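Each remark here refers to the structure printed beneath this line.
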Amino acid sequence: MLAIITLLVPPTQPACPLPTLFCLIFIPYKFCCDSHFSCPLPHSRPSQLPSLISCSLSQLQKSISRSYTILLIHIYHLVEMAVSGFEGFEKRLELHFSGDEYDPVHQMGLRLLDFESLDEVLHEVQCTVVSAVGNRFFDAYVLSESSLFVYPKKIIIKTCGTTQLLKSIRPLIHHANNLLMGGLHLTACKYTRGSFIFPESQPFPHASFDEEVHYIEKKLPSNLLLGHKKATIMPSTKITSTSHAWHVFAAASLDHEYYDQWFPLSAAHTIEVCMTQIDQVMARKFFQHPPSLPVLLQGDHDQEEHLAVPPSGGLSAGRKMTEITGIGNLNPNALICDFAFDPCGYSMNAMDGHKYSTIHVTPEDGYSYASFECVGSLHEGSKEDVVKVLSKVARIFRPGTMSIAISYNNDDHNYCKYHDLWVLVANELRRLGLKRQSYTSDHLLLDEIVTFQIFTCHGK
């Protein structure tokens, strides 16, 4: 893979000064079974630096042009968000593809997309890559607004703020179709999100769920529109103090098999957690402050843990935030790629074999928000493992409101494994002071079940 040098815009929160440009160097990497790549970390590989400056002048000029366009977009969004606040709730798009299973090229599949192609997709969404990590199973990118995960036959994009996520559908399909040896073809699409804190700030096509559904249907190929399709909103009818709800659109072609090669018997689950009103002491740990002006917060822990992270660059500050908040203990076996934003905010992707987890934090008081997402399988773990992780997440952020959506395939093998999982989760969170306010379950496509629960803390 050719090295790419591009100018990117570091994301900022509304309180930030205007963003400045910085140079991100992507190191060429080689995929192999027992190694990882990580970028941007040029300081860890000094011997490779001379070979990095190998991109063509035209590529550099194109990158610079895009970067200034994104800079203008960020300035516009800063003005817009100053009226309200930064939108923490993410939009999530998951696309599944198929191709010739006997073609060795397709063993890499979507991972063969070069960075320039991914950059074109993200340009449509209005975000950029700030760091990346990969292993032999998939690649994970931390974005200026959340995350991107690329598997051989599956791609997941999750973006917050006022990004236009759904504009990535057409370019992703185009680039997948034009891969070597016949390309890959879309067979399934799934879009999910919570309820925006500032819905009036969302641009087209995200002004409403109806608008989103209509836009998706216009962009999908006919084989999906003629297949299985469903759009639903899972409301929280018992809650009056919050508008939390779960929006889901799913479509699949008639010949789509919801099967993941890494999870036997299709026993994969996806857990998406959204939290608002996160604990103020914890929220301050996601701020960067000048070393001469440390912020000491009140609490019952060691004083050192209450010091906000001094500014030291997105990667190093991100690692410090991962350490002092306890996020690194969620899965000690995972390879973590973390990033801190200036003056506040945090993103993290973690890789554990073929599984990922991701966390994003918007810590500003008044609209604080944190999210946690992970994929896994009960064939590789137990229901107790899932409950333990969600308990750790709740203990870290101590939210006022916490919603949990769990998606899984409801075949004969999985029913006994998953049917009481949400009960165990509710019982554990009750011990932590979070009372379940609503529970909803819905049947999506091809035996996929989604359960949605909302919990509130009476102390907030």
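So you can find residues: chains in the structure tokens are A, B, ... in the order shown, residues in each start at 1, and ligands are numbered from 1 in order.
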
Excluding Lys153 (chain A) and residues on its chain fewer than 4 positions from it, collect all residues at most 9 Å away from it, counting only C-alpha atoms, and give them as a PDB file with N, CA and C atoms, in the first residue's frame.
ATOM      1  N   LEU A  95     -23.229  -1.998   6.394  1.00  0.00           N
ATOM      2  CA  LEU A  95     -23.474  -2.540   5.058  1.00  0.00           C
ATOM      3  C   LEU A  95     -22.792  -3.898   4.922  1.00  0.00           C
ATOM      4  N   HIS A  96     -23.533  -4.873   4.382  1.00  0.00           N
ATOM      5  CA  HIS A  96     -22.991  -6.208   4.131  1.00  0.00           C
ATOM      6  C   HIS A  96     -22.897  -6.442   2.626  1.00  0.00           C
ATOM      7  N   PHE A  97     -21.804  -7.069   2.198  1.00  0.00           N
ATOM      8  CA  PHE A  97     -21.563  -7.319   0.789  1.00  0.00           C
ATOM      9  C   PHE A  97     -21.299  -8.806   0.550  1.00  0.00           C
ATOM     10  N   SER A  98     -21.419  -9.218  -0.709  1.00  0.00           N
ATOM     11  CA  SER A  98     -21.097 -10.588  -1.089  1.00  0.00           C
ATOM     12  C   SER A  98     -20.296 -10.566  -2.381  1.00  0.00           C
ATOM     13  N   GLY A  99     -19.602 -11.669  -2.646  1.00  0.00           N
ATOM     14  CA  GLY A  99     -18.797 -11.800  -3.858  1.00  0.00           C
ATOM     15  C   GLY A  99     -18.438 -13.248  -4.073  1.00  0.00           C
ATOM     16  N   HIS A 106     -11.071 -11.802  -2.691  1.00  0.00           N
ATOM     17  CA  HIS A 106     -12.179 -11.478  -1.809  1.00  0.00           C
ATOM     18  C   HIS A 106     -11.949 -11.928  -0.375  1.00  0.00           C
ATOM     19  N   GLN A 107     -10.858 -12.623  -0.130  1.00  0.00           N
ATOM     20  CA  GLN A 107     -10.517 -12.906   1.255  1.00  0.00           C
ATOM     21  C   GLN A 107     -10.184 -11.619   1.997  1.00  0.00           C
ATOM     22  N   MET A 108      -9.712 -10.616   1.273  1.00  0.00           N
ATOM     23  CA  MET A 108      -9.475  -9.286   1.837  1.00  0.00           C
ATOM     24  C   MET A 108     -10.677  -8.373   1.615  1.00  0.00           C
ATOM     25  N   GLY A 109     -11.372  -8.554   0.506  1.00  0.00           N
ATOM     26  CA  GLY A 109     -12.603  -7.833   0.244  1.00  0.00           C
ATOM     27  C   GLY A 109     -12.482  -6.332   0.384  1.00  0.00           C
ATOM     28  N   LEU A 110     -13.346  -5.746   1.201  1.00  0.00           N
ATOM     29  CA  LEU A 110     -13.408  -4.297   1.364  1.00  0.00           C
ATOM     30  C   LEU A 110     -12.126  -3.712   1.943  1.00  0.00           C
ATOM     31  N   ARG A 111     -11.314  -4.549   2.552  1.00  0.00           N
ATOM     32  CA  ARG A 111     -10.052  -4.055   3.115  1.00  0.00           C
ATOM     33  C   ARG A 111      -9.055  -3.677   2.020  1.00  0.00           C
ATOM     34  N   LEU A 184     -17.605  -6.422  -5.196  1.00  0.00           N
ATOM     35  CA  LEU A 184     -18.530  -6.918  -4.188  1.00  0.00           C
ATOM     36  C   LEU A 184     -19.868  -6.218  -4.362  1.00  0.00           C
ATOM     37  N   ASP A 260     -22.007 -14.380   9.629  1.00  0.00           N
ATOM     38  CA  ASP A 260     -20.684 -13.802   9.807  1.00  0.00           C
ATOM     39  C   ASP A 260     -19.687 -14.939   9.953  1.00  0.00           C
TER      40      ASP A 260
END

My list of candidates is A:Ile197, A:Ala250, A:Leu434, A:Ile156. Which is closest to Ala231 (chain A) when distances are computed with only C-alpha atoms?
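Ranked by minimum distance to Ala231 (chain A), first place goes to A:Ala250.
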
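Shortest atom-to-atom contact with Phe339 (chain A) among A:Gly182, A:Gly161, A:Gly314, A:Gly326: A:Gly314, counting only C-alpha atoms.
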
List every residue of region 163-281 of chain A that DSSP, applied to the backbone of this structure, assigns to strand (DSSP E or B), and report them as a count of residues only.
34

Mind giving me the straight-line distance from CA of Arg398 (chain A) to CA of Tyr439 (chain A) in Å, one decimal?
20.3 Å

Give me, as a PyMOL selection string, all polymer residues having an atom no more than 12 Å from Ala394 (chain A), counting only C-alpha atoms and skipping those fewer than 3 positions away in the same chain.
chain A and resi 273-279+282+326-327+330+370-372+387-391+397-404+425-426+428-434+455-457

Please determine, counting only C-alpha atoms, which residue among A:Ser368, A:Thr270, A:Ser147, A:Thr322 has the shortest atom-to-atom distance to Lys355 (chain A).
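Of the candidates, the smallest distance to Lys355 (chain A) is held by A:Thr270.
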
Which residues are close to Val121 (chain A), i.e. within 10 Å by only C-alpha atoms, leaving aside same-chain residues fewer than 3 positions away? Reply as JSON, numbers by chain.
{"A": [115, 116, 117, 118, 124, 125, 126, 127, 128, 165, 167, 168, 169, 170, 171, 172, 175]}

Determine which residues of region 149-240 of chain A DSSP labels as helix (DSSP H, G or I) from the backbone of this structure, then write them out as a ChimeraX atom specification.
/A:165-177,199-201,209-219,222-225

Spatial neighbours of region 215-221 of chain A, 8 Å, only C-alpha atoms, chain gap at least 2 places, as a ChimeraX atom specification:
/A:166,169-170,186,205,211-213,223-225

Which neighbours of Gly227 (chain A) fall inside 7 Å, counting only C-alpha atoms, when residues of the same chain fewer than 5 positions from it are skipped, and could you give them as a PyMOL selection string?
chain A and resi 252-254

Using only C-alpha atoms, which residue out of A:Thr358, A:Ser441, A:Asn329, A:Asn135 lies closest to Lys158 (chain A)?
A:Thr358

Which neighbours of Tyr418 (chain A) fall inside 12 Å, counting only C-alpha atoms, when residues of the same chain fewer than 4 positions from it are skipped, and could you give them as a PyMOL selection string?
chain A and resi 267-269+377-379+382-384+386-387+406-414+422-425+448-451

Mind giving me the straight-line distance from CA of Asp119 (chain A) to CA of Ser144 (chain A) in Å, one decimal?
12.3 Å
